[in-house]
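As provided, final.txt (compact mmCIF, C-alpha atoms) reads as follows.
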# COMPACT_ATOMS: atom_id res chain seq x y z
CA MET A 1 -25.41 24.74 7.53
CA ASP A 2 -24.07 26.57 10.58
CA MET A 3 -20.34 27.19 10.10
CA GLU A 4 -19.72 28.83 13.47
CA PHE A 5 -18.06 26.82 16.22
CA THR A 6 -19.79 26.77 19.58
CA ALA A 7 -18.00 27.84 22.75
CA GLU A 8 -17.63 24.13 23.59
CA ASP A 9 -16.06 23.44 20.19
CA LEU A 10 -13.60 26.30 20.62
CA ALA A 11 -12.65 25.02 24.06
CA PHE A 12 -12.12 21.58 22.56
CA ARG A 13 -9.91 23.08 19.85
CA ASP A 14 -7.78 24.77 22.50
CA GLU A 15 -7.50 21.48 24.39
CA VAL A 16 -6.35 19.67 21.23
CA ARG A 17 -3.77 22.35 20.41
CA ALA A 18 -2.35 22.24 23.91
CA PHE A 19 -2.18 18.44 23.91
CA ILE A 20 -0.34 18.33 20.59
CA ALA A 21 2.09 21.05 21.66
CA GLU A 22 2.91 19.20 24.88
CA ASN A 23 2.91 15.59 23.66
CA TYR A 24 3.82 15.32 19.99
CA PRO A 25 7.30 13.69 19.89
CA GLN A 26 10.06 16.21 19.33
CA GLU A 27 11.96 13.84 17.04
CA LEU A 28 8.99 13.73 14.66
CA ARG A 29 8.43 17.48 14.39
CA GLY A 30 8.85 18.66 10.83
CA LYS A 31 9.73 15.19 9.60
CA GLN A 32 6.57 14.73 7.55
CA ASP A 33 6.45 18.30 6.25
CA GLU A 34 10.03 17.99 5.03
CA GLY A 35 9.21 14.74 3.24
CA ASP A 36 11.56 12.51 5.22
CA GLU A 37 10.94 8.79 4.85
CA LEU A 38 8.90 7.51 7.78
CA GLY A 39 9.49 4.15 9.42
CA LYS A 40 7.18 1.89 11.38
CA GLU A 41 8.38 3.24 14.71
CA ASP A 42 7.69 6.81 13.57
CA PHE A 43 4.04 5.96 13.03
CA LEU A 44 3.74 3.92 16.21
CA ALA A 45 5.33 6.57 18.46
CA TRP A 46 2.41 8.98 17.92
CA HIS A 47 -0.10 6.12 17.81
CA ARG A 48 0.90 4.93 21.28
CA ILE A 49 0.66 8.43 22.75
CA LEU A 50 -2.86 8.85 21.39
CA HIS A 51 -3.87 5.40 22.61
CA LYS A 52 -2.71 6.23 26.11
CA LYS A 53 -4.78 9.43 25.97
CA GLY A 54 -7.80 7.54 24.58
CA TRP A 55 -7.81 9.57 21.35
CA VAL A 56 -6.50 7.06 18.82
CA ALA A 57 -9.86 6.12 17.25
CA PRO A 58 -12.16 9.18 17.20
CA ALA A 59 -14.66 7.61 14.79
CA TRP A 60 -15.15 4.34 16.70
CA PRO A 61 -18.19 3.78 18.93
CA VAL A 62 -17.45 4.43 22.58
CA GLU A 63 -18.16 0.82 23.55
CA TYR A 64 -15.24 -0.31 21.39
CA GLY A 65 -12.76 2.35 22.48
CA GLY A 66 -13.88 5.45 20.59
CA THR A 67 -13.81 8.99 21.97
CA GLY A 68 -17.50 9.84 21.78
CA TRP A 69 -16.62 13.05 19.93
CA THR A 70 -19.18 14.77 17.76
CA PRO A 71 -18.55 14.96 13.99
CA THR A 72 -17.57 18.61 14.51
CA GLN A 73 -14.99 17.64 17.11
CA ARG A 74 -13.58 15.00 14.79
CA TYR A 75 -13.35 17.65 12.08
CA ILE A 76 -11.50 19.97 14.48
CA TRP A 77 -9.17 17.12 15.39
CA SER A 78 -8.26 16.47 11.75
CA GLU A 79 -7.72 20.19 11.16
CA GLU A 80 -5.46 20.64 14.17
CA THR A 81 -3.35 17.55 13.58
CA ALA A 82 -2.79 18.64 9.96
CA ARG A 83 -2.00 22.20 11.05
CA ALA A 84 0.64 20.85 13.45
CA ASP A 85 2.00 18.49 10.75
CA CYS A 86 1.34 15.43 12.90
CA ILE A 87 2.12 12.11 11.26
CA ARG A 88 -1.04 10.55 9.87
CA LEU A 89 -1.86 7.30 11.62
CA MET A 90 -1.90 4.21 9.43
CA PRO A 91 -5.53 3.74 8.34
CA PHE A 92 -5.59 0.00 7.68
CA GLY A 93 -6.37 -1.03 11.24
CA LEU A 94 -8.08 2.05 12.65
CA SER A 95 -10.11 3.25 9.67
CA MET A 96 -10.61 0.11 7.61
CA VAL A 97 -10.59 -3.32 9.20
CA GLY A 98 -11.46 -2.09 12.71
CA PRO A 99 -14.89 -0.76 11.66
CA VAL A 100 -15.50 -3.96 9.65
CA ILE A 101 -14.74 -6.09 12.71
CA TYR A 102 -16.90 -4.13 15.14
CA THR A 103 -19.75 -4.00 12.61
CA PHE A 104 -19.69 -7.54 11.17
CA GLY A 105 -17.37 -9.53 13.43
CA THR A 106 -18.16 -12.12 16.08
CA PRO A 107 -17.79 -11.30 19.80
CA GLU A 108 -14.62 -13.40 19.80
CA GLN A 109 -13.15 -11.48 16.86
CA LYS A 110 -13.96 -8.16 18.49
CA ALA A 111 -12.32 -9.22 21.76
CA LYS A 112 -9.22 -10.56 20.02
CA PHE A 113 -8.50 -7.90 17.41
CA LEU A 114 -9.96 -4.54 18.42
CA PRO A 115 -7.82 -3.92 21.55
CA ARG A 116 -4.64 -4.74 19.62
CA ILE A 117 -5.63 -2.41 16.78
CA LEU A 118 -6.18 0.38 19.27
CA SER A 119 -2.87 -0.20 21.07
CA GLY A 120 -0.86 -0.52 17.87
CA GLU A 121 0.32 -4.02 18.80
CA ASP A 122 -0.94 -5.29 15.45
CA TRP A 123 0.03 -3.53 12.20
CA TRP A 124 -2.41 -4.30 9.38
CA CYS A 125 -2.23 -4.36 5.60
CA GLN A 126 -4.96 -4.59 2.95
CA GLY A 127 -5.11 -7.50 0.50
CA TYR A 128 -7.59 -6.31 -2.12
CA SER A 129 -5.96 -5.48 -5.48
CA GLU A 130 -4.51 -8.17 -7.71
CA PRO A 131 -2.77 -8.10 -11.10
CA GLY A 132 -5.74 -7.66 -13.42
CA SER A 133 -8.18 -7.03 -10.56
CA GLY A 134 -7.84 -3.48 -9.35
CA SER A 135 -10.72 -1.24 -10.37
CA ASP A 136 -12.72 -4.37 -11.26
CA LEU A 137 -12.10 -5.74 -7.79
CA ALA A 138 -14.88 -8.35 -7.97
CA SER A 139 -12.91 -10.19 -10.66
CA LEU A 140 -10.27 -11.20 -8.10
CA ARG A 141 -8.84 -14.72 -8.45
CA THR A 142 -7.11 -15.43 -5.14
CA LYS A 143 -8.83 -18.63 -4.08
CA ALA A 144 -9.69 -20.05 -0.66
CA VAL A 145 -10.76 -23.72 -0.48
CA ARG A 146 -12.36 -25.07 2.69
CA ASP A 147 -10.43 -27.88 4.36
CA GLY A 148 -12.06 -28.77 7.64
CA GLU A 149 -11.60 -25.87 10.04
CA HIS A 150 -9.25 -24.01 7.70
CA TYR A 151 -9.25 -22.33 4.34
CA VAL A 152 -6.31 -23.07 2.06
CA VAL A 153 -5.50 -19.83 0.22
CA ASN A 154 -3.58 -19.48 -3.04
CA GLY A 155 -3.09 -16.35 -5.11
CA GLN A 156 -1.36 -13.00 -5.43
CA LYS A 157 -2.10 -9.50 -4.16
CA THR A 158 -0.34 -6.35 -5.30
CA TRP A 159 0.18 -2.71 -4.28
CA THR A 160 -0.08 -3.88 -0.67
CA THR A 161 0.93 -0.81 1.30
CA MET A 162 3.36 -1.34 4.18
CA ALA A 163 2.95 -5.13 4.04
CA GLN A 164 6.66 -5.41 4.87
CA HIS A 165 5.76 -4.33 8.42
CA ALA A 166 2.39 -6.05 8.78
CA ASP A 167 1.46 -8.48 11.54
CA TRP A 168 -1.99 -9.13 10.06
CA GLY A 169 -3.75 -8.56 6.76
CA PHE A 170 -7.39 -8.49 5.69
CA PHE A 171 -7.86 -10.27 2.39
CA LEU A 172 -10.66 -10.69 -0.11
CA VAL A 173 -10.66 -14.24 -1.47
CA ARG A 174 -12.87 -16.26 -3.79
CA THR A 175 -14.67 -19.06 -1.99
CA ASP A 176 -17.21 -19.92 -4.71
CA SER A 177 -16.01 -19.87 -8.32
CA ASP A 178 -19.46 -20.75 -9.71
CA ALA A 179 -21.37 -17.86 -8.13
CA LYS A 180 -21.68 -14.37 -9.60
CA GLN A 181 -18.48 -12.41 -9.02
CA GLN A 182 -19.63 -10.38 -6.01
CA GLU A 183 -21.46 -13.33 -4.45
CA GLY A 184 -18.55 -15.73 -4.23
CA ILE A 185 -16.12 -13.62 -2.16
CA SER A 186 -15.21 -13.95 1.52
CA PHE A 187 -13.36 -11.62 3.91
CA LEU A 188 -10.47 -13.25 5.79
CA LEU A 189 -8.15 -12.03 8.54
CA VAL A 190 -4.71 -13.51 7.88
CA ASP A 191 -1.72 -13.74 10.20
CA MET A 192 1.13 -12.50 8.00
CA LYS A 193 3.56 -14.88 9.73
CA THR A 194 1.66 -17.89 8.39
CA PRO A 195 3.84 -20.25 6.30
CA GLY A 196 3.33 -19.75 2.58
CA ILE A 197 3.18 -15.93 2.61
CA THR A 198 5.89 -14.08 0.71
CA VAL A 199 6.16 -10.27 0.64
CA ARG A 200 8.18 -8.80 -2.23
CA PRO A 201 8.96 -5.07 -2.45
CA ILE A 202 7.85 -2.77 -5.26
CA ILE A 203 10.05 0.33 -5.46
CA THR A 204 8.06 3.33 -6.65
CA LEU A 205 9.08 6.09 -9.05
CA GLY A 206 10.02 8.26 -6.09
CA GLY A 207 12.44 5.60 -4.83
CA GLU A 208 10.33 4.55 -1.84
CA HIS A 209 9.58 1.06 -0.60
CA GLU A 210 5.96 1.67 0.29
CA VAL A 211 4.05 -1.00 -1.65
CA ASN A 212 4.55 -4.71 -2.17
CA GLU A 213 3.49 -7.87 -3.90
CA VAL A 214 2.10 -10.54 -1.57
CA TRP A 215 2.12 -14.16 -2.67
CA LEU A 216 0.02 -16.79 -0.90
CA GLU A 217 0.89 -20.45 -1.47
CA ASP A 218 -1.19 -23.03 0.40
CA VAL A 219 -1.68 -20.61 3.27
CA ARG A 220 -3.90 -22.15 5.95
CA VAL A 221 -6.29 -19.66 7.57
CA PRO A 222 -8.62 -20.74 10.39
CA VAL A 223 -12.31 -20.53 9.48
CA GLU A 224 -12.80 -18.57 12.71
CA ASN A 225 -10.85 -15.73 11.04
CA ARG A 226 -13.54 -15.22 8.41
CA VAL A 227 -15.53 -12.04 9.04
CA TYR A 228 -19.27 -12.33 8.31
CA GLU A 229 -20.72 -15.15 6.26
CA GLU A 230 -18.95 -17.24 3.66
CA ASN A 231 -19.44 -15.78 0.17
CA LYS A 232 -20.79 -12.53 1.69
CA GLY A 233 -17.47 -10.74 1.96
CA TRP A 234 -18.44 -8.21 -0.70
CA THR A 235 -20.76 -6.65 1.90
CA CYS A 236 -17.73 -6.04 4.15
CA ALA A 237 -15.65 -4.86 1.19
CA LYS A 238 -18.17 -2.19 0.14
CA PHE A 239 -18.56 -1.01 3.73
CA LEU A 240 -14.79 -0.68 4.10
CA LEU A 241 -14.31 1.12 0.78
CA ALA A 242 -16.94 3.74 1.67
CA HIS A 243 -14.95 4.62 4.80
CA GLU A 244 -11.64 4.54 2.89
CA ARG A 245 -12.90 6.86 0.16
CA THR A 246 -14.17 9.39 2.67
CA GLY A 247 -10.76 9.43 4.37
CA ILE A 248 -8.94 9.84 1.05
CA ALA A 249 -10.46 13.35 0.67
CA GLY A 250 -7.63 14.65 2.88
CA VAL A 251 -8.96 18.21 3.16
CA ALA A 252 -6.93 19.20 6.21
CA ALA A 253 -3.66 17.87 4.78
CA SER A 254 -4.34 19.60 1.44
CA LYS A 255 -4.80 22.92 3.26
CA ARG A 256 -1.33 22.52 4.69
CA GLY A 257 -0.02 21.55 1.26
CA ILE A 258 -1.29 24.80 -0.24
CA GLU A 259 0.26 26.83 2.57
CA ARG A 260 3.56 25.08 1.88
CA ILE A 261 3.32 26.06 -1.80
CA LYS A 262 2.78 29.67 -0.76
CA ASP A 263 5.84 29.54 1.48
CA ILE A 264 7.93 28.13 -1.38
CA ALA A 265 6.57 30.72 -3.82
CA ARG A 266 7.47 33.54 -1.42
CA SER A 267 11.07 32.28 -1.38
CA GLU A 268 11.47 31.43 -5.06
CA GLN A 269 12.11 34.36 -7.37
CA ASP A 270 10.47 35.15 -10.69
CA GLY A 271 12.85 37.71 -12.09
CA ASP A 272 12.94 40.58 -9.60
CA ARG A 273 9.83 39.53 -7.66
CA PRO A 274 8.69 36.53 -5.60
CA LEU A 275 7.05 33.76 -7.61
CA LEU A 276 3.86 34.26 -5.59
CA ALA A 277 3.53 37.71 -7.18
CA ASN A 278 3.39 36.17 -10.65
CA PRO A 279 -0.29 36.54 -11.69
CA PHE A 280 -0.39 33.22 -13.55
CA PHE A 281 1.08 31.28 -10.62
CA LYS A 282 -1.10 33.16 -8.14
CA ARG A 283 -4.17 32.21 -10.19
CA LYS A 284 -3.27 28.51 -10.00
CA VAL A 285 -2.98 28.78 -6.21
CA ALA A 286 -6.31 30.61 -5.99
CA GLU A 287 -8.06 28.01 -8.15
CA LEU A 288 -6.69 25.27 -5.91
CA GLN A 289 -7.92 27.03 -2.79
CA THR A 290 -11.37 27.57 -4.31
CA ASP A 291 -11.73 23.92 -5.25
CA LEU A 292 -10.48 22.82 -1.84
CA THR A 293 -13.00 25.08 -0.09
CA ALA A 294 -15.80 23.54 -2.16
CA LEU A 295 -14.55 20.07 -1.21
CA GLU A 296 -14.43 21.07 2.45
CA PHE A 297 -18.09 22.13 2.37
CA THR A 298 -18.96 18.80 0.75
CA GLU A 299 -17.10 16.96 3.51
CA LEU A 300 -18.91 19.04 6.13
CA ARG A 301 -22.25 18.09 4.57
CA SER A 302 -21.19 14.46 4.79
CA LEU A 303 -20.32 14.96 8.46
CA ALA A 304 -23.71 16.58 9.05
CA GLY A 305 -25.36 13.51 7.51
CA GLU A 306 -23.27 11.29 9.76
CA ALA A 307 -24.40 13.31 12.78
CA ALA A 308 -27.98 12.64 11.68
CA GLY A 309 -27.33 8.91 11.75
CA ARG A 310 -26.43 8.28 8.11
CA GLY A 311 -23.16 6.50 7.38
CA PRO A 312 -20.94 7.23 4.38
CA GLY A 313 -22.79 6.46 1.15
CA PRO A 314 -22.12 6.85 -2.55
CA GLU A 315 -21.32 10.54 -2.01
CA SER A 316 -18.01 9.33 -0.56
CA SER A 317 -17.02 8.68 -4.19
CA LEU A 318 -17.25 12.42 -4.86
CA LEU A 319 -14.98 13.15 -1.90
CA LYS A 320 -12.51 10.61 -3.21
CA ILE A 321 -12.50 12.00 -6.76
CA LYS A 322 -12.03 15.65 -5.90
CA GLY A 323 -9.77 15.06 -2.92
CA SER A 324 -7.33 12.89 -4.88
CA GLU A 325 -7.28 15.26 -7.86
CA ILE A 326 -6.53 18.22 -5.59
CA GLN A 327 -3.70 16.32 -3.90
CA GLN A 328 -2.15 15.64 -7.29
CA ARG A 329 -2.47 19.28 -8.33
CA ILE A 330 -0.79 20.38 -5.09
CA THR A 331 2.29 18.21 -5.68
CA GLU A 332 2.40 19.30 -9.33
CA LEU A 333 2.29 22.98 -8.38
CA ALA A 334 4.95 22.48 -5.69
CA LEU A 335 7.25 20.90 -8.29
CA GLU A 336 6.55 23.79 -10.65
CA ALA A 337 7.41 26.24 -7.87
CA VAL A 338 10.86 24.78 -7.15
CA GLY A 339 11.63 24.59 -10.86
CA HIS A 340 15.07 23.22 -11.77
CA TYR A 341 15.84 22.51 -8.09
CA GLY A 342 13.47 19.55 -8.32
CA ALA A 343 15.28 18.00 -11.31
CA PRO A 344 18.07 16.16 -9.41
CA TYR A 345 15.47 14.21 -7.48
CA PHE A 346 13.37 12.85 -10.34
CA ARG A 347 14.69 9.37 -9.68
CA GLY A 348 14.69 9.69 -5.88
CA PHE A 349 17.64 9.07 -3.58
CA GLY A 350 17.74 5.63 -2.02
CA GLU A 351 19.34 4.19 1.09
CA GLY A 352 23.11 4.36 0.85
CA ASP A 353 23.25 7.26 -1.61
CA ASN A 354 26.12 9.63 -0.87
CA GLU A 355 24.87 12.49 -3.04
CA HIS A 356 24.41 15.82 -1.32
CA PRO A 357 21.12 17.76 -1.54
CA ILE A 358 21.05 20.50 -4.14
CA GLY A 359 19.19 23.76 -3.66
CA PRO A 360 16.89 24.69 -0.78
CA ASP A 361 15.74 22.12 1.75
CA TYR A 362 12.14 22.31 0.57
CA ALA A 363 13.07 21.16 -2.95
CA HIS A 364 14.38 17.66 -2.40
CA ARG A 365 11.02 15.95 -1.82
CA THR A 366 8.96 17.73 -4.46
CA ALA A 367 9.72 15.36 -7.35
CA PRO A 368 9.32 12.11 -5.36
CA SER A 369 6.07 13.44 -3.86
CA TYR A 370 4.80 14.37 -7.30
CA PHE A 371 5.47 10.89 -8.65
CA ASN A 372 4.12 9.17 -5.54
CA MET A 373 0.85 11.08 -5.62
CA ARG A 374 0.02 9.85 -9.14
CA LYS A 375 -1.44 6.86 -7.29
CA THR A 376 -4.21 8.78 -5.51
CA THR A 377 -6.64 8.65 -8.42
CA ILE A 378 -6.17 4.87 -8.61
CA TYR A 379 -6.23 3.48 -5.07
CA GLY A 380 -9.47 3.12 -3.15
CA GLY A 381 -11.17 2.41 -6.47
CA SER A 382 -10.04 4.36 -9.53
CA ASN A 383 -11.68 7.70 -10.19
CA GLU A 384 -13.19 6.34 -13.41
CA ILE A 385 -15.04 3.74 -11.35
CA GLN A 386 -16.11 6.42 -8.85
CA HIS A 387 -17.68 8.41 -11.70
CA ASN A 388 -19.70 5.31 -12.60
CA ILE A 389 -20.83 4.91 -8.98
CA ILE A 390 -22.00 8.53 -8.83
CA ALA A 391 -23.81 8.20 -12.16
CA LYS A 392 -25.66 5.10 -10.97
CA MET A 393 -26.18 5.62 -7.25
CA VAL A 394 -26.48 9.42 -6.99
CA LEU A 395 -27.79 10.57 -10.36
CA GLY A 396 -29.81 7.44 -11.09
CA LEU A 397 -28.49 7.11 -14.66
Kindly return the structure encoded in the file as structure tokens.
Amino acid sequence: MDMEFTAEDLAFRDEVRAFIAENYPQELRGKQDEGDELGKEDFLAWHRILHKKGWVAPAWPVEYGGTGWTPTQRYIWSEETARADCIRLMPFGLSMVGPVIYTFGTPEQKAKFLPRILSGEDWWCQGYSEPGSGSDLASLRTKAVRDGEHYVVNGQKTWTTMAQHADWGFFLVRTDSDAKQQEGISFLLVDMKTPGITVRPIITLGGEHEVNEVWLEDVRVPVENRVYEENKGWTCAKFLLAHERTGIAGVAASKRGIERIKDIARSEQDGDRPLLANPFFKRKVAELQTDLTALEFTELRSLAGEAAGRGPGPESSLLKIKGSEIQQRITELALEAVGHYGAPYFRGFGEGDNEHPIGPDYAHRTAPSYFNMRKTTIYGGSNEIQHNIIAKMVLGL
């Protein structure tokens, strides 16, 4: 595998750096790195700039609004946006349902939904997990019954990220209770303003309102909003999850996370020396970097396969496992680095709190981030399930 960038790639990198320096909103600079809570408008501000430039969906085919970049250019893009601490665009429209629609959707669905995903006019959420149906997703019980030209949907979804802002959601529903689990599921696009939908907040350990419960009571969804065939939604679900798991690897963001730990450890003291000089702490940082480098090479091999015409396969489970574990270790090591300065924030500060920050500025988000990142080995299919997929699909066991 050739690891050297071509002259064209280096020129592209310079173009990306210049664009970010000139166009990334000043009010967002440092906001993500400092762990400030991000609102809908924060995400959309950068989204709209990239849409205007034509760079909002690098992985999409050109005919649907993609950039036509090579896998190497997309890799450079992810590296440079992470290096500049750019806010990560919400993946639910761009990286999840968008590819499902342009791969499996009707011409009418493509014309209706894809332009609004690209522009940011529609904010999407994902209705997969249910109480009792998370890792065993095919056991879901939310039911959709055909009534003329509509489905009537009843059920509950949980851990629905950013549903409080969503205009639309993509939901897995059971349309045939007598079929085998995977064969009785359909994939529906649901207008979140439809009567019968209730979104209830779940406040996380870090104090954030990021995830929600979504209740559906006699929600009428037009049949024309079903993607692909009735009872064949599991095909769409597997396709979407393969893309989601690849994105969860988060190599570029983890690189920045490790650099942040180094910065903290240079400031924090261990007796009469910087914490980074402590051999035990330094070893933990080195082990993290080594594992991240190995993950990066694995991701690059996946990109090389994509360049050869192969989409993400079961190896995306490996990227998900290692990427999520590394992200957890990064937040754990950051909390260890700030030591007692992280303690006041174990419960998180909510809206309206009048307590003043204690200790250095970099300390106040370490505990909430640590708690929040416990989720990474669960979402996108728990890591235990991913081990099973690798054993079956990769190792043939």
Practice item. Just give me the residues with any atom within 7 Å of (-7.0, -18.4, 9.9), file coordinates, counting all atoms listed in the file, written as JSON, numbers by chain. Key: {"A": [150, 189, 190, 220, 221, 222, 223, 224, 225]}
**Study point:** All residues 6 Å or closer to range 80-96 of chain A, only C-alpha atoms, same chain fewer than 3 positions away omitted, as a list in words
**Key:**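 Contacts, with the query itself left out: Trp77, Pro99, Ile117, Trp124, Cys125, Leu240, Ala252 and Ala253 of chain A.
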Review point. With all atoms listed in the file as the atoms that count, which of A:Pro368, A:Gly233, A:Gly380, A:Pro274 lies nearest to Gly323 in chain A?
Key: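 Of all the options, A:Gly380 lies closest to Gly323 in chain A.
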Please return the centre and edge lengths, in Å to one decimal, of a box with edges along x, y and z that contains all listed atoms of range 185-197 of chain A, widened by 8 Å on every side, as lines of an AutoDock Vina configuration file.
center_x = -6.1
center_y = -15.9
center_z = 4.0
size_x = 36.0
size_y = 24.6
size_z = 28.4
Exercise for review: Write out as a ChimeraX atom specification the residues lying within 12 Å of Leu137 in chain A, counting only C-alpha atoms and excluding same-chain residues fewer than 2 positions away.
Suggested key: /A:127-135,139-142,157,171-174,181-182,185,234,237-238,241,379-382,385
**Study point:** Atom-to-atom span, CA of Val211 in chain A and CA of Asp136 in chain A, Å
**Key:**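 Computing the Euclidean distance for CA of Val211 in chain A and CA of Asp136 in chain A yields 19.6 Å.
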Check your understanding: With distances taken over only C-alpha atoms, which of A:Phe5, A:Tyr102, A:Trp168, A:Ser119 is nearest to Trp55 in chain A?
Key ->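 Comparing A:Phe5, A:Tyr102, A:Trp168, A:Ser119 against Trp55 in chain A, the winner is A:Ser119.
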Residues within 9 Å of range 319-322 of chain A, please, as a short mmCIF file (atom, residue, chain, number, x, y, z; two decimals) with C-alpha atoms, in the coordinates of the input. Count all atoms listed in the file; anything in the same chain fewer than 2 positions from it doesn't count.
data_model
loop_
_atom_site.label_atom_id
_atom_site.label_comp_id
_atom_site.auth_asym_id
_atom_site.auth_seq_id
_atom_site.Cartn_x
_atom_site.Cartn_y
_atom_site.Cartn_z
CA GLU A 244 -11.64 4.54 2.89
CA ARG A 245 -12.90 6.86 0.16
CA THR A 246 -14.17 9.39 2.67
CA GLY A 247 -10.76 9.43 4.37
CA ILE A 248 -8.94 9.84 1.05
CA ALA A 249 -10.46 13.35 0.67
CA GLY A 250 -7.63 14.65 2.88
CA ASP A 291 -11.73 23.92 -5.25
CA LEU A 292 -10.48 22.82 -1.84
CA LEU A 295 -14.55 20.07 -1.21
CA THR A 298 -18.96 18.80 0.75
CA GLU A 299 -17.10 16.96 3.51
CA GLU A 315 -21.32 10.54 -2.01
CA SER A 316 -18.01 9.33 -0.56
CA SER A 317 -17.02 8.68 -4.19
CA SER A 324 -7.33 12.89 -4.88
CA GLU A 325 -7.28 15.26 -7.86
CA ILE A 326 -6.53 18.22 -5.59
CA GLN A 327 -3.70 16.32 -3.90
CA THR A 376 -4.21 8.78 -5.51
CA THR A 377 -6.64 8.65 -8.42
CA GLY A 380 -9.47 3.12 -3.15
CA GLY A 381 -11.17 2.41 -6.47
CA SER A 382 -10.04 4.36 -9.53
CA ASN A 383 -11.68 7.70 -10.19
CA GLU A 384 -13.19 6.34 -13.41
CA GLN A 386 -16.11 6.42 -8.85
CA HIS A 387 -17.68 8.41 -11.70
#
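Among the candidates A:Glu37, A:Glu332, A:Glu149, A:Glu213, the residue lying nearest to Phe371 in chain A is A:Glu332 (atoms considered: only C-alpha atoms).
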Exercise for review: Work out how far CA of Glu183 in chain A is from CA of Asn231 in chain A, in Å to one decimal.
Suggested key: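 So the answer is 5.6 Å.
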Review point. What gap, in Å, lies between CA of Ile76 in chain A and CA of Trp46 in chain A?
Key: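 Taking CA of Ile76 in chain A and CA of Trp46 in chain A, their separation equals 18.1 Å.
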Practice item. Pick out the closest residue to Pro195 in chain A from this set: A:Glu217, A:Val100, A:Leu50, A:Ala138. Count all atoms listed in the file. Key: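 Residue with the minimum atom-to-atom distance to Pro195 in chain A: A:Glu217.
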**Study point:** Residue nearest Arg266 in chain A - candidates A:Ala337, A:Phe187, A:Glu79, A:Val199, atoms counted: all atoms listed in the file
**Key:** A:Ala337
Check your understanding: Which is closest to Asp361 in chain A among A:Val285, A:Val56, A:Val338, A:Ala45, if we use only C-alpha atoms?
Key ->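 Nearest to Asp361 in chain A: A:Val338.
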Please, can range 231-235 of chain A be completed to all heavy atoms and returned as a CSV table (one decimal), in the frame of the given file?
chain,number,residue,atom,x,y,z
A,231,ASN,N,-18.9,-16.3,1.4
A,231,ASN,CA,-19.4,-15.8,0.2
A,231,ASN,C,-20.2,-14.4,0.3
A,231,ASN,O,-20.8,-14.0,-0.7
A,231,ASN,CB,-20.4,-16.8,-0.5
A,231,ASN,CG,-19.6,-18.1,-0.8
A,231,ASN,OD1,-18.5,-18.1,-1.2
A,231,ASN,ND2,-20.4,-19.2,-0.7
A,232,LYS,N,-20.1,-13.8,1.5
A,232,LYS,CA,-20.8,-12.5,1.7
A,232,LYS,C,-19.8,-11.4,2.0
A,232,LYS,O,-20.1,-10.4,2.5
A,232,LYS,CB,-21.8,-12.6,2.8
A,232,LYS,CG,-23.0,-13.6,2.6
A,232,LYS,CD,-23.8,-13.2,1.4
A,232,LYS,CE,-25.0,-14.2,1.2
A,232,LYS,NZ,-25.8,-13.8,0.0
A,233,GLY,N,-18.5,-11.7,1.7
A,233,GLY,CA,-17.5,-10.7,2.0
A,233,GLY,C,-17.6,-9.4,1.2
A,233,GLY,O,-17.0,-8.4,1.6
A,234,TRP,N,-18.3,-9.4,0.1
A,234,TRP,CA,-18.4,-8.2,-0.7
A,234,TRP,C,-19.2,-7.2,0.1
A,234,TRP,O,-18.9,-6.0,-0.1
A,234,TRP,CB,-19.2,-8.5,-2.0
A,234,TRP,CG,-19.1,-7.4,-3.0
A,234,TRP,CD1,-20.1,-6.6,-3.4
A,234,TRP,CD2,-17.9,-6.9,-3.7
A,234,TRP,NE1,-19.6,-5.7,-4.4
A,234,TRP,CE2,-18.3,-5.8,-4.5
A,234,TRP,CE3,-16.6,-7.3,-3.7
A,234,TRP,CZ2,-17.4,-5.2,-5.3
A,234,TRP,CZ3,-15.7,-6.6,-4.5
A,234,TRP,CH2,-16.1,-5.6,-5.3
A,235,THR,N,-20.1,-7.6,1.0
A,235,THR,CA,-20.8,-6.6,1.9
A,235,THR,C,-19.7,-5.9,2.8
A,235,THR,O,-19.8,-4.7,2.9
A,235,THR,CB,-21.8,-7.4,2.8
A,235,THR,OG1,-22.7,-8.0,1.9
A,235,THR,CG2,-22.5,-6.4,3.7
